[in-house]
Amino acid sequence: MRAGIIGLGAMGGPIARNLARADILHRIWTRDIAKADVYINELQVKRATTPAQLAAECDLIFTCVSKDEDLIEVVEKLMPGLVSKKVIVDLSTTSVDTAKYVAEQLLTKGVEFLDSPVSGGVEGAAHATLVLMIGGSKAVYEQVKPILELISNKQIHMGKTGDGQATKAVNQIMAAGINQAVTEALAFANALDLNLQQVIEVTSAGAASNWFLKHRGPTLVRENYDTGFKLSLHNKDLEICRKMSESLTIDQKLLPLVEMTRNHYQQLIDSGYGSKDISCLYMLKKELFLEEYRK
């Protein structure tokens with residue numbers, strides 16, 4: 001089976017490397033020509049001239065883009081090259097409605113679609129330890145599972161089309177809560193004049209241990225926010241959660257973490273930190289503690 005990938009960002013690039021190592025990556029495509037050239041030289045694969053060419057030459061197509069509108073646009077550009085029995089696996093984070101819409105459009109071509117958002121960060125993408133939350137046909141999932149195992153260490157078929165994205169929405173609310181907890185606790189530790197490296201070491205060994213603390217605690221202490229999950233993208237994901245709750249007529253008061261985190265993120269975006277890792281929330285928390293101390 002020949003695979004292609006569209007989107008070579010922080011997640012798509014490492015995923016492309018893992019597919020290339022397995023010698024199944026046939027074509028790549030990205031808007032950024034300079035970025036494409038890097039992967040062409042490194043992986044010894046060719047850039048498709050258009051998404052339609054990639055679609056025509058590949059049996060399995062991965063998409064890894066930033067926003068709902070990006071996915072819809074990419075699928076429209078793929079359509080001329082698609083024929084029945086091809087499979088598209090979307091690794092992006094989008095709304096449930098977008099996943100369903102794309103699946104319906106592809107069905108007119110007889111093309112199968114799996115919404116398969118990921119968790120595990122850039123480290124997971126690099127080391128093929130991602131977790132995939134998959135919506136769509138279980139038979140199609142079983143068909144492509146051996147290839148999905150090349151880029152992840154766990155895949156769960158969640159149910160019908162859109163269920164993968166619904167699960168990712170749940171994940172993103174949890175991620176917001178963990179970010180809030182870790183950055184607030186470490187800002188508190190800083191205000192107490194504790195050694196933050198030691199705080200991270202001891203709490204990482206106990207009941208408060210979590211992935212974010214272990215992987216982002218050491219970098220945020222050094223005020224290094226360059227690697228990881230872009231704050232603007234998590235903010236976008238939380239907006240998706242908010243809209244999903246509205247469609248279910250759920251009172252926003254039942255999702256206080258979503259609203260609080262979006263408010264904090266917006267302050268950081270307005271200050272120019274949208275492209276930084278979400279752990280830069282620590283800067284805001286630390287400043288809030290300092291302001292209180294100055295009173």
# chains A, B, ... in the order shown; residues from 1 in each chain; ligands from 1
>>> residues_around(residues="segment 205-215 of chain A", least_positions_apart="6", cutoff="9 Å", atoms="only C-alpha atoms", output="short mmCIF file (atom, residue, chain, number, x, y, z; two decimals) with C-alpha atoms, in the first residue's frame")
data_model
loop_
_atom_site.label_atom_id
_atom_site.label_comp_id
_atom_site.auth_asym_id
_atom_site.auth_seq_id
_atom_site.Cartn_x
_atom_site.Cartn_y
_atom_site.Cartn_z
CA GLY A 120 1.08 12.48 22.60
CA ALA A 175 -5.32 18.91 28.83
CA ILE A 178 -3.77 19.70 33.61
CA ASN A 179 -2.08 22.78 32.17
CA VAL A 182 0.63 22.29 36.76
CA THR A 183 1.38 25.91 35.87
CA SER A 279 3.06 25.70 29.07
#
>>> residues_around(residues="segment 260-273 of chain A", least_positions_apart="4", cutoff="10 Å", atoms="only C-alpha atoms", output="list in words")
Ile173, Ala176, Gly177, Asn179, Gln180, Tyr225, Lys230, Leu231, Ser232, His234, Asn235, Lys236, Asp237, Leu238, Glu239, Arg242, Leu255, Pro256, Asp277, Ile278, Cys280, Leu281, Met283, Leu284 and Lys285 of chain A
>>> write_last_selection(atoms="N, CA and C atoms", output="mmCIF file, in the first residue's frame")
data_model
loop_
_atom_site.group_PDB
_atom_site.id
_atom_site.type_symbol
_atom_site.label_atom_id
_atom_site.label_comp_id
_atom_site.auth_asym_id
_atom_site.auth_seq_id
_atom_site.Cartn_x
_atom_site.Cartn_y
_atom_site.Cartn_z
ATOM 1 N N ILE A 173 -10.119 19.135 26.867
ATOM 2 C CA ILE A 173 -10.563 19.743 28.127
ATOM 3 C C ILE A 173 -9.695 19.244 29.278
ATOM 4 N N ALA A 176 -6.440 21.022 29.178
ATOM 5 C CA ALA A 176 -6.555 22.379 29.717
ATOM 6 C C ALA A 176 -6.486 22.360 31.241
ATOM 7 N N GLY A 177 -7.191 21.416 31.852
ATOM 8 C CA GLY A 177 -7.180 21.314 33.305
ATOM 9 C C GLY A 177 -5.806 20.984 33.854
ATOM 10 N N ASN A 179 -2.921 21.599 32.363
ATOM 11 C CA ASN A 179 -2.076 22.779 32.171
ATOM 12 C C ASN A 179 -2.342 23.799 33.276
ATOM 13 N N GLN A 180 -3.610 24.032 33.565
ATOM 14 C CA GLN A 180 -3.953 24.968 34.637
ATOM 15 C C GLN A 180 -3.355 24.513 35.972
ATOM 16 N N TYR A 225 9.648 27.850 25.765
ATOM 17 C CA TYR A 225 8.294 27.502 25.325
ATOM 18 C C TYR A 225 8.230 27.241 23.820
ATOM 19 N N LYS A 230 1.183 24.288 20.186
ATOM 20 C CA LYS A 230 0.969 25.725 20.081
ATOM 21 C C LYS A 230 -0.276 26.161 20.839
ATOM 22 N N LEU A 231 -0.105 27.213 21.606
ATOM 23 C CA LEU A 231 -1.195 27.732 22.422
ATOM 24 C C LEU A 231 -2.391 28.125 21.553
ATOM 25 N N SER A 232 -2.150 28.723 20.395
ATOM 26 C CA SER A 232 -3.246 29.150 19.522
ATOM 27 C C SER A 232 -4.067 27.956 19.039
ATOM 28 N N HIS A 234 -4.445 25.015 20.729
ATOM 29 C CA HIS A 234 -5.257 24.514 21.845
ATOM 30 C C HIS A 234 -6.446 25.439 22.079
ATOM 31 N N ASN A 235 -6.219 26.726 21.918
ATOM 32 C CA ASN A 235 -7.311 27.685 22.055
ATOM 33 C C ASN A 235 -8.396 27.407 21.022
ATOM 34 N N LYS A 236 -7.965 27.096 19.789
ATOM 35 C CA LYS A 236 -8.908 26.727 18.731
ATOM 36 C C LYS A 236 -9.688 25.471 19.104
ATOM 37 N N ASP A 237 -8.999 24.490 19.666
ATOM 38 C CA ASP A 237 -9.650 23.243 20.073
ATOM 39 C C ASP A 237 -10.684 23.488 21.173
ATOM 40 N N LEU A 238 -10.352 24.366 22.105
ATOM 41 C CA LEU A 238 -11.294 24.658 23.190
ATOM 42 C C LEU A 238 -12.502 25.428 22.672
ATOM 43 N N GLU A 239 -12.308 26.197 21.617
ATOM 44 C CA GLU A 239 -13.443 26.869 20.985
ATOM 45 C C GLU A 239 -14.363 25.836 20.341
ATOM 46 N N ARG A 242 -16.404 24.468 23.072
ATOM 47 C CA ARG A 242 -17.456 25.407 23.459
ATOM 48 C C ARG A 242 -18.639 25.320 22.490
ATOM 49 N N LEU A 255 -18.764 24.020 32.099
ATOM 50 C CA LEU A 255 -17.422 23.838 31.540
ATOM 51 C C LEU A 255 -16.536 25.024 31.932
ATOM 52 N N PRO A 256 -16.371 25.258 33.222
ATOM 53 C CA PRO A 256 -15.597 26.435 33.651
ATOM 54 C C PRO A 256 -14.143 26.384 33.209
ATOM 55 N N ASP A 277 4.411 27.110 23.145
ATOM 56 C CA ASP A 277 3.801 25.954 23.782
ATOM 57 C C ASP A 277 2.812 26.397 24.854
ATOM 58 N N ILE A 278 1.784 25.584 25.075
ATOM 59 C CA ILE A 278 0.752 25.950 26.038
ATOM 60 C C ILE A 278 1.289 26.111 27.463
ATOM 61 N N CYS A 280 3.415 28.034 28.363
ATOM 62 C CA CYS A 280 3.722 29.440 28.651
ATOM 63 C C CYS A 280 2.631 30.069 29.519
ATOM 64 N N LEU A 281 1.554 29.329 29.775
ATOM 65 C CA LEU A 281 0.564 29.768 30.756
ATOM 66 C C LEU A 281 1.231 30.035 32.107
ATOM 67 N N MET A 283 3.865 31.687 32.651
ATOM 68 C CA MET A 283 4.262 33.095 32.736
ATOM 69 C C MET A 283 3.134 33.933 33.310
ATOM 70 N N LEU A 284 1.917 33.691 32.826
ATOM 71 C CA LEU A 284 0.768 34.436 33.301
ATOM 72 C C LEU A 284 0.497 34.135 34.765
ATOM 73 N N LYS A 285 0.563 32.865 35.130
ATOM 74 C CA LYS A 285 0.313 32.471 36.520
ATOM 75 C C LYS A 285 1.354 33.086 37.457
#
>>> closest_residue(among="A:Ala36, A:Cys58, A:Ile15, A:Leu43", to="Leu91 of chain A", atoms="only C-alpha atoms")
A:Ile15
>>> select_by_dssp(residues="segment 103-173 of chain A", states="strand (DSSP E)", output="MDAnalysis selection string")
chainID A and resid 112:115 118:119 130:135 152:159
>>> residues_around(residues="Ala48 of chain A", least_positions_apart="2", cutoff="7 Å", atoms="only C-alpha atoms", output="VMD selection string")
chain A and resid 27 to 29 46 50 to 51 53 to 54
>>> write_last_selection(atoms="N, CA and C atoms", output="tab-separated table (two decimals), in the first residue's frame")
chain	number	residue	atom	x	y	z
A	27	ARG	N	4.39	9.88	-1.55
A	27	ARG	CA	4.30	11.29	-1.93
A	27	ARG	C	4.01	12.14	-0.70
A	28	ILE	N	4.48	13.39	-0.74
A	28	ILE	CA	4.16	14.38	0.28
A	28	ILE	C	3.62	15.63	-0.41
A	29	TRP	N	2.87	16.41	0.31
A	29	TRP	CA	2.43	17.71	-0.21
A	29	TRP	C	2.23	18.66	0.95
A	46	LYS	N	9.19	12.21	-3.18
A	46	LYS	CA	8.86	13.30	-4.08
A	46	LYS	C	7.65	14.08	-3.58
A	50	THR	N	0.36	18.55	-6.97
A	50	THR	CA	-0.94	18.97	-6.44
A	50	THR	C	-1.47	17.89	-5.50
A	51	PRO	N	-2.39	18.24	-4.60
A	51	PRO	CA	-3.02	17.20	-3.78
A	51	PRO	C	-3.70	16.14	-4.65
A	53	GLN	N	-2.72	14.95	-7.50
A	53	GLN	CA	-1.72	13.98	-7.95
A	53	GLN	C	-1.40	13.01	-6.84
A	54	LEU	N	-1.24	13.52	-5.63
A	54	LEU	CA	-0.98	12.65	-4.48
A	54	LEU	C	-2.11	11.65	-4.32
>>> select_by_dssp(residues="segment 18-175 of chain A", states="alpha helix (DSSP H)", output="VMD selection string")
chain A and resid 18 to 21 33 to 43 51 to 57 68 to 78 96 to 107 121 to 127 138 to 148 163 to 175
>>> closest_residue(among="A:Ile61, A:Leu78, A:Thr49, A:Asn41", to="Arg2 of chain A", atoms="only C-alpha atoms")
A:Ile61
>>> closest_residue(among="A:Ile147, A:Leu132, A:Gln105, A:Ser92", to="Gly4 of chain A", atoms="only C-alpha atoms")
A:Ile147
>>> residues_around(residues="segment 7-11 of chain A", least_positions_apart="5", cutoff="9 Å", atoms="only C-alpha atoms", output="list of chain:residue names")
A:Ala16, A:Ile28, A:Trp29, A:Thr30, A:Arg31, A:Asp32, A:Lys35, A:Ala36, A:Tyr39, A:Phe62, A:Thr63, A:Cys64, A:Val65, A:Ser66, A:Gly121, A:Val122, A:Glu123, A:Gly124, A:Ala125, A:Ala126, A:Thr227, A:Gly228, A:Phe229
>>> residues_around(residues="Ala139 of chain A", least_positions_apart="3", cutoff="12 Å", atoms="only C-alpha atoms", output="list in words")
Val87, Glu112, Phe113, Leu114, Ile134, Gly135, Gly136, Glu142, Gln143, Val144, Lys145, His157, Gly159 and Lys160 of chain A
>>> write_last_selection(atoms="N, CA and C atoms", output="tab-separated table (two decimals), in the first residue's frame")
chain	number	residue	atom	x	y	z
A	87	VAL	N	-8.40	5.29	0.96
A	87	VAL	CA	-8.71	5.59	2.36
A	87	VAL	C	-8.00	6.87	2.76
A	112	GLU	N	-13.16	5.92	1.60
A	112	GLU	CA	-13.39	5.74	3.04
A	112	GLU	C	-12.65	6.82	3.83
A	113	PHE	N	-13.22	7.21	4.96
A	113	PHE	CA	-12.65	8.28	5.79
A	113	PHE	C	-12.65	7.87	7.25
A	114	LEU	N	-11.51	8.05	7.89
A	114	LEU	CA	-11.39	7.85	9.34
A	114	LEU	C	-10.97	9.17	9.98
A	134	ILE	N	-10.13	6.96	17.01
A	134	ILE	CA	-10.57	6.75	15.63
A	134	ILE	C	-12.08	6.62	15.51
A	135	GLY	N	-12.63	7.39	14.57
A	135	GLY	CA	-14.04	7.29	14.24
A	135	GLY	C	-14.19	6.85	12.79
A	136	GLY	N	-15.24	6.08	12.50
A	136	GLY	CA	-15.46	5.60	11.15
A	136	GLY	C	-15.66	4.10	11.12
A	142	GLU	N	-9.50	-1.72	10.71
A	142	GLU	CA	-8.75	-2.97	10.76
A	142	GLU	C	-7.87	-3.13	9.52
A	143	GLN	N	-8.37	-2.66	8.39
A	143	GLN	CA	-7.61	-2.76	7.14
A	143	GLN	C	-6.31	-1.96	7.20
A	144	VAL	N	-6.37	-0.76	7.76
A	144	VAL	CA	-5.19	0.10	7.75
A	144	VAL	C	-4.43	0.08	9.08
A	145	LYS	N	-4.91	-0.69	10.05
A	145	LYS	CA	-4.28	-0.72	11.38
A	145	LYS	C	-2.78	-1.02	11.32
A	157	HIS	N	-10.59	2.29	18.38
A	157	HIS	CA	-11.72	2.61	17.51
A	157	HIS	C	-12.88	3.04	18.41
A	159	GLY	N	-15.84	4.48	17.48
A	159	GLY	CA	-17.20	4.32	16.99
A	159	GLY	C	-17.39	4.95	15.63
A	160	LYS	N	-18.55	5.52	15.41
A	160	LYS	CA	-18.93	6.07	14.10
A	160	LYS	C	-18.11	7.31	13.76
>>> atom_distance(atom1="atom CA of Val74 of chain A", atom2="atom CA of Ile6 of chain A")
8.2 Å
>>> closest_residue(among="A:Val140, A:Ile151, A:Ile72, A:Leu290", to="Gly13 of chain A", atoms="only C-alpha atoms")
A:Ile151
>>> atom_distance(atom1="atom CA of Arg216 of chain A", atom2="atom CA of Asp90 of chain A")
26.6 Å
>>> closest_residue(among="A:Gln172, A:Thr108, A:Ser84, A:Thr129", to="Leu233 of chain A", atoms="only C-alpha atoms")
A:Gln172
>>> residues_around(residues="Leu106 of chain A", least_positions_apart="5", cutoff="9 Å", atoms="only C-alpha atoms", output="PyMOL selection string")
chain A and resi 75+79+82+88+101+111-113
>>> decode(residues="segment 136-180 of chain A", atoms="N, CA and C atoms", output="mmCIF file, in the first residue's frame")
data_model
loop_
_atom_site.group_PDB
_atom_site.id
_atom_site.type_symbol
_atom_site.label_atom_id
_atom_site.label_comp_id
_atom_site.auth_asym_id
_atom_site.auth_seq_id
_atom_site.Cartn_x
_atom_site.Cartn_y
_atom_site.Cartn_z
ATOM 1 N N GLY A 136 -15.235 6.078 12.504
ATOM 2 C CA GLY A 136 -15.464 5.604 11.145
ATOM 3 C C GLY A 136 -15.656 4.099 11.118
ATOM 4 N N SER A 137 -15.593 3.541 9.925
ATOM 5 C CA SER A 137 -15.811 2.103 9.749
ATOM 6 C C SER A 137 -14.755 1.284 10.478
ATOM 7 N N LYS A 138 -15.217 0.343 11.299
ATOM 8 C CA LYS A 138 -14.264 -0.518 12.004
ATOM 9 C C LYS A 138 -13.528 -1.429 11.034
ATOM 10 N N ALA A 139 -14.214 -1.853 9.971
ATOM 11 C CA ALA A 139 -13.570 -2.718 8.977
ATOM 12 C C ALA A 139 -12.427 -1.982 8.285
ATOM 13 N N VAL A 140 -12.641 -0.698 7.980
ATOM 14 C CA VAL A 140 -11.585 0.103 7.345
ATOM 15 C C VAL A 140 -10.437 0.308 8.333
ATOM 16 N N TYR A 141 -10.785 0.572 9.586
ATOM 17 C CA TYR A 141 -9.749 0.704 10.617
ATOM 18 C C TYR A 141 -8.885 -0.551 10.693
ATOM 19 N N GLU A 142 -9.501 -1.717 10.705
ATOM 20 C CA GLU A 142 -8.746 -2.974 10.764
ATOM 21 C C GLU A 142 -7.871 -3.132 9.523
ATOM 22 N N GLN A 143 -8.367 -2.658 8.393
ATOM 23 C CA GLN A 143 -7.614 -2.755 7.142
ATOM 24 C C GLN A 143 -6.313 -1.960 7.198
ATOM 25 N N VAL A 144 -6.371 -0.764 7.758
ATOM 26 C CA VAL A 144 -5.189 0.104 7.752
ATOM 27 C C VAL A 144 -4.426 0.076 9.079
ATOM 28 N N LYS A 145 -4.909 -0.689 10.047
ATOM 29 C CA LYS A 145 -4.276 -0.723 11.378
ATOM 30 C C LYS A 145 -2.776 -1.023 11.321
ATOM 31 N N PRO A 146 -2.302 -1.966 10.496
ATOM 32 C CA PRO A 146 -0.853 -2.215 10.461
ATOM 33 C C PRO A 146 -0.029 -0.976 10.112
ATOM 34 N N ILE A 147 -0.601 -0.089 9.305
ATOM 35 C CA ILE A 147 0.119 1.139 8.967
ATOM 36 C C ILE A 147 -0.022 2.162 10.089
ATOM 37 N N LEU A 148 -1.180 2.215 10.724
ATOM 38 C CA LEU A 148 -1.359 3.120 11.854
ATOM 39 C C LEU A 148 -0.386 2.764 12.979
ATOM 40 N N GLU A 149 -0.056 1.498 13.100
ATOM 41 C CA GLU A 149 0.881 1.060 14.140
ATOM 42 C C GLU A 149 2.303 1.549 13.875
ATOM 43 N N LEU A 150 2.575 2.008 12.672
ATOM 44 C CA LEU A 150 3.895 2.555 12.348
ATOM 45 C C LEU A 150 4.079 3.958 12.914
ATOM 46 N N ILE A 151 2.970 4.622 13.241
ATOM 47 C CA ILE A 151 3.060 6.002 13.718
ATOM 48 C C ILE A 151 2.533 6.164 15.140
ATOM 49 N N SER A 152 2.083 5.078 15.757
ATOM 50 C CA SER A 152 1.482 5.167 17.088
ATOM 51 C C SER A 152 1.703 3.878 17.859
ATOM 52 N N ASN A 153 1.516 3.951 19.179
ATOM 53 C CA ASN A 153 1.614 2.709 19.960
ATOM 54 C C ASN A 153 0.275 2.296 20.552
ATOM 55 N N LYS A 154 -0.758 3.105 20.277
ATOM 56 C CA LYS A 154 -2.099 2.721 20.732
ATOM 57 C C LYS A 154 -3.132 3.347 19.811
ATOM 58 N N GLN A 155 -4.092 2.521 19.400
ATOM 59 C CA GLN A 155 -5.183 2.989 18.554
ATOM 60 C C GLN A 155 -6.478 2.427 19.136
ATOM 61 N N ILE A 156 -7.440 3.294 19.330
ATOM 62 C CA ILE A 156 -8.741 2.858 19.847
ATOM 63 C C ILE A 156 -9.821 3.277 18.856
ATOM 64 N N HIS A 157 -10.591 2.290 18.382
ATOM 65 C CA HIS A 157 -11.719 2.606 17.515
ATOM 66 C C HIS A 157 -12.880 3.042 18.412
ATOM 67 N N MET A 158 -13.237 4.325 18.333
ATOM 68 C CA MET A 158 -14.215 4.896 19.251
ATOM 69 C C MET A 158 -15.654 4.705 18.797
ATOM 70 N N GLY A 159 -15.840 4.479 17.480
ATOM 71 C CA GLY A 159 -17.201 4.316 16.987
ATOM 72 C C GLY A 159 -17.392 4.954 15.625
ATOM 73 N N LYS A 160 -18.552 5.524 15.407
ATOM 74 C CA LYS A 160 -18.932 6.070 14.104
ATOM 75 C C LYS A 160 -18.115 7.313 13.762
ATOM 76 N N THR A 161 -18.247 7.760 12.507
ATOM 77 C CA THR A 161 -17.579 8.975 12.054
ATOM 78 C C THR A 161 -17.901 10.137 12.991
ATOM 79 N N GLY A 162 -16.868 10.845 13.418
ATOM 80 C CA GLY A 162 -17.019 11.962 14.335
ATOM 81 C C GLY A 162 -16.715 11.609 15.773
ATOM 82 N N ASP A 163 -16.777 10.324 16.109
ATOM 83 C CA ASP A 163 -16.523 9.923 17.495
ATOM 84 C C ASP A 163 -15.056 10.099 17.874
ATOM 85 N N GLY A 164 -14.181 10.005 16.896
ATOM 86 C CA GLY A 164 -12.773 10.274 17.167
ATOM 87 C C GLY A 164 -12.583 11.721 17.593
ATOM 88 N N GLN A 165 -13.201 12.643 16.839
ATOM 89 C CA GLN A 165 -13.083 14.059 17.166
ATOM 90 C C GLN A 165 -13.794 14.403 18.465
ATOM 91 N N ALA A 166 -14.922 13.741 18.737
ATOM 92 C CA ALA A 166 -15.615 13.973 20.008
ATOM 93 C C ALA A 166 -14.731 13.562 21.180
ATOM 94 N N THR A 167 -14.029 12.443 21.022
ATOM 95 C CA THR A 167 -13.116 11.984 22.074
ATOM 96 C C THR A 167 -11.964 12.962 22.247
ATOM 97 N N LYS A 168 -11.467 13.500 21.133
ATOM 98 C CA LYS A 168 -10.361 14.459 21.217
ATOM 99 C C LYS A 168 -10.814 15.721 21.959
ATOM 100 N N ALA A 169 -12.071 16.116 21.788
ATOM 101 C CA ALA A 169 -12.584 17.278 22.516
ATOM 102 C C ALA A 169 -12.525 17.030 24.024
ATOM 103 N N VAL A 170 -12.892 15.817 24.431
ATOM 104 C CA VAL A 170 -12.799 15.438 25.844
ATOM 105 C C VAL A 170 -11.341 15.532 26.302
ATOM 106 N N ASN A 171 -10.436 14.996 25.479
ATOM 107 C CA ASN A 171 -9.006 15.021 25.779
ATOM 108 C C ASN A 171 -8.502 16.450 25.963
ATOM 109 N N GLN A 172 -8.966 17.362 25.102
ATOM 110 C CA GLN A 172 -8.457 18.730 25.149
ATOM 111 C C GLN A 172 -8.935 19.484 26.376
ATOM 112 N N ILE A 173 -10.119 19.135 26.867
ATOM 113 C CA ILE A 173 -10.563 19.743 28.127
ATOM 114 C C ILE A 173 -9.695 19.244 29.278
ATOM 115 N N MET A 174 -9.382 17.956 29.260
ATOM 116 C CA MET A 174 -8.486 17.410 30.288
ATOM 117 C C MET A 174 -7.122 18.082 30.219
ATOM 118 N N ALA A 175 -6.626 18.270 28.998
ATOM 119 C CA ALA A 175 -5.315 18.909 28.827
ATOM 120 C C ALA A 175 -5.322 20.329 29.373
ATOM 121 N N ALA A 176 -6.440 21.022 29.178
ATOM 122 C CA ALA A 176 -6.555 22.379 29.717
ATOM 123 C C ALA A 176 -6.486 22.360 31.241
ATOM 124 N N GLY A 177 -7.191 21.416 31.852
ATOM 125 C CA GLY A 177 -7.180 21.314 33.305
ATOM 126 C C GLY A 177 -5.806 20.984 33.854
ATOM 127 N N ILE A 178 -5.114 20.084 33.163
ATOM 128 C CA ILE A 178 -3.769 19.700 33.608
ATOM 129 C C ILE A 178 -2.814 20.877 33.467
ATOM 130 N N ASN A 179 -2.921 21.599 32.363
ATOM 131 C CA ASN A 179 -2.076 22.779 32.171
ATOM 132 C C ASN A 179 -2.342 23.799 33.276
ATOM 133 N N GLN A 180 -3.610 24.032 33.565
ATOM 134 C CA GLN A 180 -3.953 24.968 34.637
ATOM 135 C C GLN A 180 -3.355 24.513 35.972
#
